[in-house]
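Chemist: Dumping the structure here so I can ask a few things about it.
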Amino acid sequence: ESPTPWRPEPKGRRSLRHYAALFSQLCIAPRRLINGPLYRPRGTKAAHSMLIPPTAEQLNFLMDEALHEAKHAAAAGEVPVGAVISHAGAIIGRGHNLTETQSTVSAHAEIIAINQASQNLGGWRLSECILCVTLEPCTMCLGAIRLARIPTLVFGAGDSRQGATGSLYDLSQDPRLGDPIRVIRNIRQVECEEILSQFFKQLRVS
């Protein structure tokens with residue numbers, strides 16, 4: 001049996017194969033677009049700034065604010081860890097440890113800051129934000145950072161006991177959790193370590 005000769009497609013018409021391919025793309029693309037870096041809420045602009053690392057001045061400003069939050073935690077008798085989240089140059093979320101005050105293990109500085117930032121932006125996707133925290137996030141907080149689609153993480157002191165960006169585990173670069181995030185570490189490291197060591201020193205004395 002001779003093969004069917006090829007004929008050009010009539011102008012203005014689309015083949016069944018074309019529509020089948022289009023349908024396949026429509027079924028697959030939404031998940032990729034929603035979960036990946038291309039997604040942004042309707043009415044917002046693309047996150048071009050996320051392609052450019054924060055400047056030294058920006059990092060210093062953010063860590064200043066995070067250390068300020070950590071001092072609030074120390075004053076309340078909490079482990080002094082503070083976090084802030086910035087969007088388009090403005091801080092939209094703040095938090096410090098409140099685990100003892102609220103009697104819950106989930107009241108870490110990062111979680112509180114993420115919740116506040118989400119409320120201020122009106123959505124849980126923080127795909128155009130920077131999170132800055134004085135101590136390397138634990139697995140719980142790093143999981144929340146990944147789920148919130150935060151693309152850039154800045155921290156001061158490392159945490160050899162619970163750190164989840166390389167000190168103990170590294171969940172920041174695991175592609176199974178989505179696009180790896182940019183991690184900027186050791187910003188104002190000495191100050192971040194000092195506030196922790198002073199807190200635990202006073203705790204042992206008392």
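Ligands are numbered from 1 in the order shown, chains are lettered A, B, ... in the order of the structure tokens, and residues start at 1 in each chain.
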Could you produce a table of the residues of region 73-97 of chain A lying within 8 Å of region 122-135 of chain A, with the nearest pair of atoms per residue and their separation in Å rounded to one decimal, using only C-alpha atoms, ordered by chain and increasing residue number, as CSV?

Modeler:
residue,atom,partner,partner_atom,distance
A:Val81,CA,A:Thr134,CA,5.8
A:Gly82,CA,A:Val133,CA,5.7
A:Ala83,CA,A:Val133,CA,4.1
A:Val84,CA,A:Cys132,CA,5.4
A:Ile85,CA,A:Leu131,CA,4.4
A:Ser86,CA,A:Ile130,CA,5.3
A:His87,CA,A:Cys129,CA,4.8
A:Ala88,CA,A:Cys129,CA,7.6

Chemist: Can you write out the residues you just picked, keeping N, CA, C and O atoms, as a short mmCIF file (atom, residue, chain, number, x, y, z; two decimals), in the first residue's frame?

Modeler:
data_model
loop_
_atom_site.label_atom_id
_atom_site.label_comp_id
_atom_site.auth_asym_id
_atom_site.auth_seq_id
_atom_site.Cartn_x
_atom_site.Cartn_y
_atom_site.Cartn_z
N VAL A 81 16.71 35.77 67.71
CA VAL A 81 16.76 35.62 66.26
C VAL A 81 15.71 36.56 65.68
O VAL A 81 14.57 36.57 66.14
N GLY A 82 16.11 37.34 64.69
CA GLY A 82 15.19 38.27 64.05
C GLY A 82 15.22 38.13 62.54
O GLY A 82 16.24 37.71 61.97
N ALA A 83 14.11 38.46 61.90
CA ALA A 83 14.00 38.33 60.44
C ALA A 83 13.17 39.47 59.87
O ALA A 83 12.25 39.97 60.53
N VAL A 84 13.50 39.86 58.66
CA VAL A 84 12.70 40.84 57.92
C VAL A 84 12.58 40.37 56.48
O VAL A 84 13.42 39.64 55.97
N ILE A 85 11.52 40.82 55.82
CA ILE A 85 11.30 40.51 54.40
C ILE A 85 11.08 41.83 53.67
O ILE A 85 10.28 42.67 54.10
N SER A 86 11.81 42.00 52.57
CA SER A 86 11.68 43.22 51.78
C SER A 86 11.09 42.93 50.41
O SER A 86 11.28 41.84 49.85
N HIS A 87 10.37 43.91 49.90
CA HIS A 87 9.75 43.82 48.58
C HIS A 87 9.84 45.19 47.93
O HIS A 87 9.38 46.18 48.51
N ALA A 88 10.46 45.25 46.76
CA ALA A 88 10.62 46.51 46.03
C ALA A 88 11.29 47.57 46.91
O ALA A 88 10.93 48.75 46.87
#

Chemist: To one decimal in Å, tell me the separation between CA of Thr152 (chain A) and CA of Asn60 (chain A).

Modeler: 15.0 Å

Chemist: If we count only C-alpha atoms, what is near region 100-110 of chain A at a cut-off of 10 Å, once residues fewer than 2 positions away on the same chain are taken out, given as a PyMOL selection string?

Modeler: chain A and resi 66+69-70+73+76-85+93-98+112-116+131-135+137-138+140-142+144-145

Chemist: Would you list, as a ChimeraX atom specification, the residues of region 67-170 of chain A that end up in alpha helix (DSSP H) under DSSP run on this structure's backbone?

Modeler: /A:67-75,99-102,109-121,139-147

Chemist: In Å, with one decimal, what is the gap from CA of Asp179 (chain A) to CA of Ile111 (chain A)?

Modeler: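 Taking CA of Asp179 (chain A) as the start and CA of Ile111 (chain A) as the end point, the length is 20.2 Å.
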
Chemist: Which residues are close to region 164-175 of chain A, i.e. within 8 Å by only C-alpha atoms, leaving aside same-chain residues fewer than 3 positions away? Reply as a ChimeraX atom specification.

Modeler: /A:136-139,142-143,146,158-161,178-183

Chemist: Of the residues A:Ala157, A:Ala148, A:Ala74, A:Ser118, which is the one nearest to Leu203 (chain A), using only C-alpha atoms?

Modeler: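 Closest candidate: A:Ala74.
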
Chemist: Have a look at A:Ile195, A:Val154, A:Ile92, A:Val190 and name the one nearest to Thr55 (chain A); count only C-alpha atoms.

Modeler: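 Smallest separation from Thr55 (chain A) among the options: A:Val154.
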
Chemist: My list of candidates is A:Leu62, A:Ile184, A:Leu153, A:Leu67. Which is closest to Gly89 (chain A) when distances are computed with only C-alpha atoms?

Modeler: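 Going through A:Leu62, A:Ile184, A:Leu153, A:Leu67 one by one, the smallest distance to Gly89 (chain A) is for A:Leu62.
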
Chemist: Please return, as a list in words, all residues of region 86-126 of chain A that DSSP assigns to strand (DSSP E or B) on the basis of the backbone.

Modeler: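 Those in region 86-126 of chain A that DSSP calls strand (DSSP E or B) are Ser86, His87, Ala90, Ile91, Ile92, Gly93, Arg94, Gly95 and His96 of chain A.
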